[in-house]
Amino acid sequence: MASFVIEGGHQLSGEITPQGAKNEALQVICAVLLTEEPVTITNIPAIRDVHKLIELLRGMGVKITQNTTDSYTFQAGNIDLDYLKSDAFRQQSQTIRGSIMIAGPLLARFGEVYMPRPGGDKIGRRRLDTHFVGLNKLGADFQFDPKESAFTAKTKSLKGNTMLLEEASVTGTANVLMGAVLAKGTTKIYNAACEPYLQQLSRMLVKMGAKIEGIASNLLTIEGVDKLDGCDHRCLPDMIEVGSFIGMAAMTQSEITIKNAGVEHLGIIPRSFEKLGIAFKFKGDDIYIPEQSRYEVEKFIDGSILTIDDAPWPGLTPDLLSIMLVIATQANGSVVIHQKMFESRLFFVDKLIDMGAQIILCDPHRATVIGLNRANKLRSTVMTSPDIRAGVALLIAALSADGVSQIHNIEQIDRGYQNIDLRLNNLGAKITRME
Ligand SMILES: CC(=O)N[C@H]1[C@@H](OP(=O)(O)OP(=O)(O)OC[C@H]2O[C@@H](n3ccc(=O)[nH]c3=O)[C@H](O)[C@@H]2O)O[C@H](CO)[C@@H](O)[C@@H]1O
Ligand SMILES: C=C(OP(=O)(O)O)C(=O)O
């Protein structure tokens, strides 16, 4: 288990460029399985989850060439479906969530898939009903084997259908969409998730020859085609990293410019940070965050305490709430952070309370933060990263704290943040990695 040792209290300054988006990369890398032609993807982040997915595809027989640090060409000519039943596949696929998105493409192209239950953050129940019920509507029979904790799905051929997803699941929509593009006939997906990475996946599929209408809306209409071709695709900047950097700058009183932030794809994210009182300016596609000695949380119009909560896009992504919570600890004012989607994502507040933050965990989904308005700095401590976003929230807390903190289990952070220690040290942070 590797750790970070963080000497807190240093202001940061300079420019930082966000990595390519983790959750887009996981979707579009799975989509290469839909064609036997080469697909080149650039701006792929060098993070653990993506490397694991690439290795899974390599094990399945996909030919993979790394062109530059962030560009890969994939060619899924012959696929070894038996590899899905190997111990190697089971072990690797169970450590990431993104691996589930090979199900739609493999069913569409080869008529079968065997899939051990995927992993990912342990942040609450993460069911897969939307995925398999949706693929079932396209004509796949599926079974869940509780002993093996694995799904099997089979079909003679997928057929278009009309469906209303029970919930706007991101990876569930991606799976059904990737099944539908090669199904016979028309599919309509109501209540589809439509966050920017699904929009990107849809655009990539269109470049490959898929017929999709309604991109960026929650009704996707797909006219199945017989085969898809190769294409070139570039991943967007990671919006969660952009949000993490906005919060980190405010919390550490630093002046930072986030370069090439993909501003037009950030939706409600900038406004959500503004509600915490954080100032910034868009300069073209860059975001300039000035040094801020204080920031004041907005109230609702009637004067009552602000709530920040998550919702499917265009609502606020749940992946930024841990970061917003930590930022709120040094704001002037109070805020309720309501994590609606996941029930185990707020328990890390115990660590912040140890550090001197004023937080009441009301229930597993809601925490009230009473901002310290920088009256007291957080105290350094030793902590363990429970999940990817809490890990970064704790890293931000440690960067702002007095003294030296340690964060264990930083493999969680490495799942989604590329060389975060080195990149922040370039801004003046003092983070040492202990292997
Ligand atoms: C690899 C990947 O892309 N992971 C992201 C993806 O996970 P993932 O696709 O696994 O998440 P889902 O969108 O399926 O659902 C996330 C959670 O929200 C709940 N839910 C979802 C939709 C809804 O309308 N109501 C509702 O309550 C689900 O029951 C589940 O507990 O989307 C999540 C939600 O943005 C993000 O946190 C993850 O980072
Ligand atoms: C929850 C996350 O990831 P995953 O779905 O891959 O576990 C995340 O990126 O915040």
# chains A, B, ... in the order shown; residues from 1 in each chain; ligands from 1
call {"tool": "select_by_dssp", "arguments": {"residues": "segment 37-214 of chain A", "states": "alpha helix (DSSP H)", "output": "ChimeraX atom specification"}}
result
/A:48-60,87-93,103-110,129-137,170-180,196-207
call {"tool": "residues_near_ligand", "arguments": {"ligand": "ligand 2", "cutoff": "6 Å", "atoms": "only C-alpha atoms and all ligand atoms", "output": "NGL selection string"}}
result
:A and (96-98 or 120-121 or 319 or 388-389)
call {"tool": "write_last_selection", "arguments": {"atoms": "N, CA and C atoms", "output": "compact mmCIF listing (two decimals), in the first residue's frame"}}
result
# COMPACT_ATOMS: atom_id res chain seq x y z
N ILE A 96 -12.12 -2.76 -11.47
CA ILE A 96 -12.59 -1.49 -12.07
C ILE A 96 -14.07 -1.58 -12.46
N ARG A 97 -14.72 -0.44 -12.51
CA ARG A 97 -16.12 -0.39 -12.88
C ARG A 97 -16.27 -0.42 -14.41
N GLY A 98 -15.33 0.25 -15.07
CA GLY A 98 -15.43 0.45 -16.52
C GLY A 98 -15.48 -0.84 -17.31
N GLY A 120 -14.62 -1.19 -8.91
CA GLY A 120 -14.76 0.27 -8.86
C GLY A 120 -14.86 0.69 -7.41
N ASP A 121 -15.16 1.96 -7.21
CA ASP A 121 -15.20 2.49 -5.86
C ASP A 121 -16.22 1.77 -5.00
N ASP A 319 -19.47 12.85 -8.31
CA ASP A 319 -18.02 12.66 -8.13
C ASP A 319 -17.33 13.92 -7.63
N ILE A 388 -11.63 7.05 -4.57
CA ILE A 388 -10.85 7.96 -5.43
C ILE A 388 -11.11 9.44 -5.11
N ARG A 389 -12.38 9.83 -4.98
CA ARG A 389 -12.66 11.26 -4.81
C ARG A 389 -12.44 11.71 -3.36
call {"tool": "closest_atom_pairs", "arguments": {"of": "chain A", "to": "ligand 1", "cutoff": "8 Å", "atoms": "only C-alpha atoms and all ligand atoms", "output": "JSON lines"}}
result
{"residue": "A:Lys22", "atom": "CA", "partner": "ligand 1", "partner_atom_place_in_ligand_line": "1 (C)", "distance": 7.6}
{"residue": "A:Asn23", "atom": "CA", "partner": "ligand 1", "partner_atom_place_in_ligand_line": "3 (O)", "distance": 4.3}
{"residue": "A:Glu24", "atom": "CA", "partner": "ligand 1", "partner_atom_place_in_ligand_line": "3 (O)", "distance": 7.0}
{"residue": "A:Leu26", "atom": "CA", "partner": "ligand 1", "partner_atom_place_in_ligand_line": "1 (C)", "distance": 6.4}
{"residue": "A:Gln27", "atom": "CA", "partner": "ligand 1", "partner_atom_place_in_ligand_line": "3 (O)", "distance": 7.3}
{"residue": "A:Ile96", "atom": "CA", "partner": "ligand 1", "partner_atom_place_in_ligand_line": "1 (C)", "distance": 7.8}
{"residue": "A:Arg97", "atom": "CA", "partner": "ligand 1", "partner_atom_place_in_ligand_line": "1 (C)", "distance": 5.2}
{"residue": "A:Gly98", "atom": "CA", "partner": "ligand 1", "partner_atom_place_in_ligand_line": "1 (C)", "distance": 4.5}
{"residue": "A:Gly120", "atom": "CA", "partner": "ligand 1", "partner_atom_place_in_ligand_line": "1 (C)", "distance": 7.5}
{"residue": "A:Gly124", "atom": "CA", "partner": "ligand 1", "partner_atom_place_in_ligand_line": "31 (O)", "distance": 6.7}
{"residue": "A:Arg125", "atom": "CA", "partner": "ligand 1", "partner_atom_place_in_ligand_line": "31 (O)", "distance": 5.8}
{"residue": "A:Arg126", "atom": "CA", "partner": "ligand 1", "partner_atom_place_in_ligand_line": "31 (O)", "distance": 5.0}
{"residue": "A:Arg127", "atom": "CA", "partner": "ligand 1", "partner_atom_place_in_ligand_line": "29 (O)", "distance": 6.7}
{"residue": "A:Leu128", "atom": "CA", "partner": "ligand 1", "partner_atom_place_in_ligand_line": "14 (O)", "distance": 7.2}
{"residue": "A:Thr130", "atom": "CA", "partner": "ligand 1", "partner_atom_place_in_ligand_line": "14 (O)", "distance": 7.5}
{"residue": "A:Glu166", "atom": "CA", "partner": "ligand 1", "partner_atom_place_in_ligand_line": "24 (O)", "distance": 7.7}
{"residue": "A:Glu167", "atom": "CA", "partner": "ligand 1", "partner_atom_place_in_ligand_line": "24 (O)", "distance": 4.2}
{"residue": "A:Ala168", "atom": "CA", "partner": "ligand 1", "partner_atom_place_in_ligand_line": "24 (O)", "distance": 4.3}
{"residue": "A:Ser169", "atom": "CA", "partner": "ligand 1", "partner_atom_place_in_ligand_line": "13 (O)", "distance": 3.3}
{"residue": "A:Val170", "atom": "CA", "partner": "ligand 1", "partner_atom_place_in_ligand_line": "9 (O)", "distance": 3.9}
{"residue": "A:Thr171", "atom": "CA", "partner": "ligand 1", "partner_atom_place_in_ligand_line": "9 (O)", "distance": 3.6}
{"residue": "A:Gly172", "atom": "CA", "partner": "ligand 1", "partner_atom_place_in_ligand_line": "14 (O)", "distance": 5.9}
{"residue": "A:Thr173", "atom": "CA", "partner": "ligand 1", "partner_atom_place_in_ligand_line": "9 (O)", "distance": 8.0}
{"residue": "A:Ala193", "atom": "CA", "partner": "ligand 1", "partner_atom_place_in_ligand_line": "13 (O)", "distance": 7.4}
{"residue": "A:Ala311", "atom": "CA", "partner": "ligand 1", "partner_atom_place_in_ligand_line": "24 (O)", "distance": 7.0}
{"residue": "A:Pro312", "atom": "CA", "partner": "ligand 1", "partner_atom_place_in_ligand_line": "24 (O)", "distance": 5.7}
{"residue": "A:Trp313", "atom": "CA", "partner": "ligand 1", "partner_atom_place_in_ligand_line": "35 (O)", "distance": 7.7}
{"residue": "A:Thr317", "atom": "CA", "partner": "ligand 1", "partner_atom_place_in_ligand_line": "35 (O)", "distance": 5.4}
{"residue": "A:Pro318", "atom": "CA", "partner": "ligand 1", "partner_atom_place_in_ligand_line": "37 (O)", "distance": 5.4}
{"residue": "A:Asp319", "atom": "CA", "partner": "ligand 1", "partner_atom_place_in_ligand_line": "37 (O)", "distance": 5.1}
{"residue": "A:Lys340", "atom": "CA", "partner": "ligand 1", "partner_atom_place_in_ligand_line": "27 (O)", "distance": 6.7}
{"residue": "A:Met341", "atom": "CA", "partner": "ligand 1", "partner_atom_place_in_ligand_line": "18 (O)", "distance": 3.9}
{"residue": "A:Phe342", "atom": "CA", "partner": "ligand 1", "partner_atom_place_in_ligand_line": "31 (O)", "distance": 5.2}
{"residue": "A:Glu343", "atom": "CA", "partner": "ligand 1", "partner_atom_place_in_ligand_line": "31 (O)", "distance": 7.9}
call {"tool": "write_last_selection", "arguments": {"atoms": "C-alpha atoms", "output": "CSV table (one decimal), in the first residue's frame"}}
result
chain,number,residue,atom,x,y,z
A,22,LYS,CA,-11.1,8.9,-16.9
A,23,ASN,CA,-14.8,8.1,-17.4
A,24,GLU,CA,-14.8,8.9,-21.1
A,26,LEU,CA,-13.3,3.9,-20.1
A,27,GLN,CA,-16.3,4.2,-22.4
A,96,ILE,CA,-12.6,-1.5,-12.1
A,97,ARG,CA,-16.1,-0.4,-12.9
A,98,GLY,CA,-15.4,0.5,-16.5
A,120,GLY,CA,-14.8,0.3,-8.9
A,124,GLY,CA,-22.5,2.0,-1.9
A,125,ARG,CA,-24.6,-0.4,-3.8
A,126,ARG,CA,-23.8,-0.4,-7.5
A,127,ARG,CA,-26.3,-2.6,-9.2
A,128,LEU,CA,-26.3,-3.5,-12.8
A,130,THR,CA,-30.1,-1.1,-16.0
A,166,GLU,CA,-35.3,2.6,-14.7
A,167,GLU,CA,-32.5,5.0,-13.9
A,168,ALA,CA,-30.3,7.2,-16.0
A,169,SER,CA,-27.2,5.0,-15.4
A,170,VAL,CA,-24.1,6.3,-17.1
A,171,THR,CA,-22.4,3.0,-17.8
A,172,GLY,CA,-25.8,1.3,-18.3
A,173,THR,CA,-26.7,3.7,-21.1
A,193,ALA,CA,-28.0,9.3,-19.2
A,311,ALA,CA,-28.3,14.5,-9.9
A,312,PRO,CA,-27.9,12.9,-13.3
A,313,TRP,CA,-26.6,15.3,-16.0
A,317,THR,CA,-22.0,14.9,-10.8
A,318,PRO,CA,-21.8,13.0,-7.5
A,319,ASP,CA,-18.0,12.7,-8.1
A,340,LYS,CA,-28.1,11.3,-3.2
A,341,MET,CA,-26.7,8.6,-5.4
A,342,PHE,CA,-24.2,6.7,-3.2
A,343,GLU,CA,-24.8,5.8,0.4
call {"tool": "atom_distance", "arguments": {"atom1": "atom CA of Asn260 of chain A", "atom2": "atom CA of Tyr295 of chain A"}}
result
24.8 Å
call {"tool": "select_by_dssp", "arguments": {"residues": "segment 230-401 of chain A", "states": "strand (DSSP E)", "output": "VMD selection string"}}
result
chain A and resid 231 to 234 255 to 258 281 to 283 286 to 289 306 to 309 334 to 338 359 to 363 366 to 370 382 to 384
call {"tool": "closest_residue", "arguments": {"among": "A:Gln91, A:Ser157, A:Asn425, A:Gln339", "to": "Thr368 of chain A", "atoms": "only C-alpha atoms"}}
result
A:Gln339
call {"tool": "residues_around", "arguments": {"residues": "Phe282 of chain A", "least_positions_apart": "2", "cutoff": "12 Å", "atoms": "only C-alpha atoms", "output": "list in words"}}
result
Ile246, Thr257, Ile258, Lys259, Asn260, Ala261, Gly262, Val263, Glu264, Leu266, Pro270, Ala279, Phe280, Gly284, Asp285, Asp286, Ile287, Tyr288, Ile289 and Pro290 of chain A
call {"tool": "write_last_selection", "arguments": {"atoms": "C-alpha atoms", "output": "short mmCIF file (atom, residue, chain, number, x, y, z; two decimals), in the first residue's frame"}}
result
data_model
loop_
_atom_site.label_atom_id
_atom_site.label_comp_id
_atom_site.auth_asym_id
_atom_site.auth_seq_id
_atom_site.Cartn_x
_atom_site.Cartn_y
_atom_site.Cartn_z
CA ILE A 246 -10.77 24.86 -8.67
CA THR A 257 -4.70 28.85 -14.12
CA ILE A 258 -6.27 25.64 -15.38
CA LYS A 259 -5.28 25.43 -19.04
CA ASN A 260 -7.56 23.98 -21.73
CA ALA A 261 -10.27 23.12 -19.23
CA GLY A 262 -12.97 22.27 -21.80
CA VAL A 263 -15.12 25.07 -20.41
CA GLU A 264 -18.07 24.48 -22.76
CA LEU A 266 -18.50 21.75 -17.71
CA PRO A 270 -18.51 26.19 -12.37
CA ALA A 279 -14.20 33.39 -7.63
CA PHE A 280 -12.72 32.53 -11.04
CA GLY A 284 -10.96 31.47 -23.51
CA ASP A 285 -10.76 27.80 -22.62
CA ASP A 286 -8.65 28.47 -19.50
CA ILE A 287 -9.95 29.06 -15.97
CA TYR A 288 -8.09 31.63 -13.87
CA ILE A 289 -8.58 31.29 -10.10
CA PRO A 290 -7.22 34.27 -8.11
#
call {"tool": "atom_distance", "arguments": {"atom1": "atom CA of Ala174 of chain A", "atom2": "atom CA of Ser71 of chain A"}}
result
22.0 Å
